[in-house]
Amino acid sequence: MNSYLQNYQKWIESASLSEAERNELLEIANDSAELEMRFSSYLSFGTAGLRGTMKTGMNAMNRHTVAHATQGLAELILKEGRAHDGVAVAYDSRNNSKLFAKTAACVLAANGVKAYLFDDLRPTPELSFALRELKCVAGINITASHNPKEYNGYKAYWEDGAQLPPEHADTVSREIAKLDIFRDVKTIDLEAAKEAGLVTIIGAEIDEKYLAAVEAQAVNPDAVKQVADELSIVYTPLHGTGHKLVPEIMRRIGLKQLYTVDSQMVIDGNFPTVKKPNPEYPEVFAQGIEIANRVGSDLVVATDPDADRVGVMTRTRDGSFVAISGNQMGALLIDYIITAYKETHTMPANPYAVKSIVSSELSAKVCAENGVKMHNVLTGFKFIGEVIKNYEKTGDGSFLFGFEESYGYLKGTYARDKDAVVASMLICEMTAFYKAKGMTLSDALQNLWEKYGFSYESNVEIYMEGLDGPARMAALMDGLRKTPPTAFGEEPVAWIADYKNNTVTENGITRPLGMPSSNVLYYKLKNGDVIVARPSGTEPKIKFYYMLEADDKPTAEAKLKAYQETLNSFGQ
């Protein structure tokens, strides 16, 4: 019998399954492809935790795989002797998130590890803040961020508030591999765990401390108040966790005219008003723009379901709305923060900023012009958190801002993950700052381009789903490594950085890169353009990032087309 069929038989015979779960598995008894997909292996546990579709089976998100992963995390905590320090547990608005969070808390408690369980859904960054505030050893957040409704995920954090470092993620993965998912996982009734003092429910008291920490990041606290009678903003949480705290922080900084998209203020894990609850997609703003046009708003702000990412549509001079990309917003915010600090003579000593290697160099130009050191790190906010932690160890340097092109931003060191609550506040403040000058954010972006040169960024995602998806992704990346392109279009490659092999190759000479290992290829062209290839860590796709410089958009788009044709020859 095939191993996946043996695994299927083990599951269907387990007394741990509910009747509904067993019936779900019986319905696929004759679907060999589905059985192989669900029972060939477990979801891989890495530094980003777990993520997958919600189904019954090994290779999926369900209460059994959540408990299995939590037992592995508990084993790590017990080995570290940190059970009494506890674990903060939060969840988002997705279907089953509350169930999975309670499941995790009960497994921790059964292992003698104290759990602090939020009383209701909360933003991801508040989980990062809470575990630091409570001095926990770890944190768990049940979320699949901006993925479609079928997905859920399990993010694990360590005591610094960032996601698990690689060595701890490897330990948890090894522990999971040793454990029988039904026999070796401990659990306890939630009410019994609460009575025993092993589970503590947390809520409003953490909200207040978190909001205070966020509000403290305002660069010019009076900016919104000065134009409060004229400034108008529309906000949507896309059915997610930003529904309370984002409007609250905007009100606290003085915004009077805040309109919400009521149909999307409804907490619903099916995300009924959008195909994907992702603020990177302009289509999620449709209802918000309708309201903005009706009431005359300057801006439409959207946060994703776990409120760690934020997207914006801004009014232009002709009255229409345009999207501001993650790269553009990162550059706008760092420029605004620097400008506002200088105008108020409050620039902290030895300022620095951090961005990912797949984020635009426009923000780096802004920093260089203003004496702010910019750090480039691998994709993943934990690497931004590492830079902050290293500076804190030396006691030198002031963190101004960190961001990733995928609409994630952080100001302040109260958390170590991207935070759409603080970003929404700063975007509101920045909009007020420019409104007082008779400008929109679109005008501010044009000014940046005039000063530093036009920049154009584009991401192309190639999905490779199915059982052979990982093999096809690996084959494409291997092909790019074995026969690296010497030019994209007609533009020669100046150098290639291979983060997996930790090498940089330039003029035929290879030297060490000196960065953590990651399956990323980074091409710098002779004309300064950058192309990056990176498989997603959470979805079956390879992402290609294009960061181009040109005189104008048509020229940049022509470059992009030529560069993509080169990559097409490698089988994408």
# chains A, B, ... in the order shown; residues from 1 in each chain; ligands from 1
$ residues_around --residues "Tyr91 (chain A)" --least-positions-apart "3" --cutoff "12 Å" --atoms "only C-alpha atoms" --output "JSON, numbers by chain"
{"A": [88, 94, 95, 96, 97, 98, 99, 100, 101, 102, 103, 104, 105, 117, 118, 119, 120, 121, 122, 123, 124, 125, 126, 127, 139, 140, 141, 142, 143, 144, 145, 152, 153, 154, 155, 156, 240, 241, 269, 305, 306, 307]}
$ select_by_dssp --residues "region 43-182 of chain A" --states "alpha helix (DSSP H)" --output "ChimeraX atom specification"
/A:63-80,97-110,124-133,166-178
$ residues_around --residues "Val295 (chain A)" --least-positions-apart "3" --cutoff "10 Å" --atoms "only C-alpha atoms" --output "list in words"
Ser232, Ile233, Val234, Gln257, Tyr259, Ile289, Glu290, Ile291, Ala292 and Asp298 of chain A
$ residues_around --residues "Arg511 (chain A)" --least-positions-apart "4" --cutoff "10 Å" --atoms "only C-alpha atoms" --output "list in words"
Ala497, Asn502, Thr503, Val504, Thr505 and Glu506 of chain A
$ atom_distance --atom1 "CA of Gly402 (chain A)" --atom2 "CA of Gly385 (chain A)"
9.0 Å
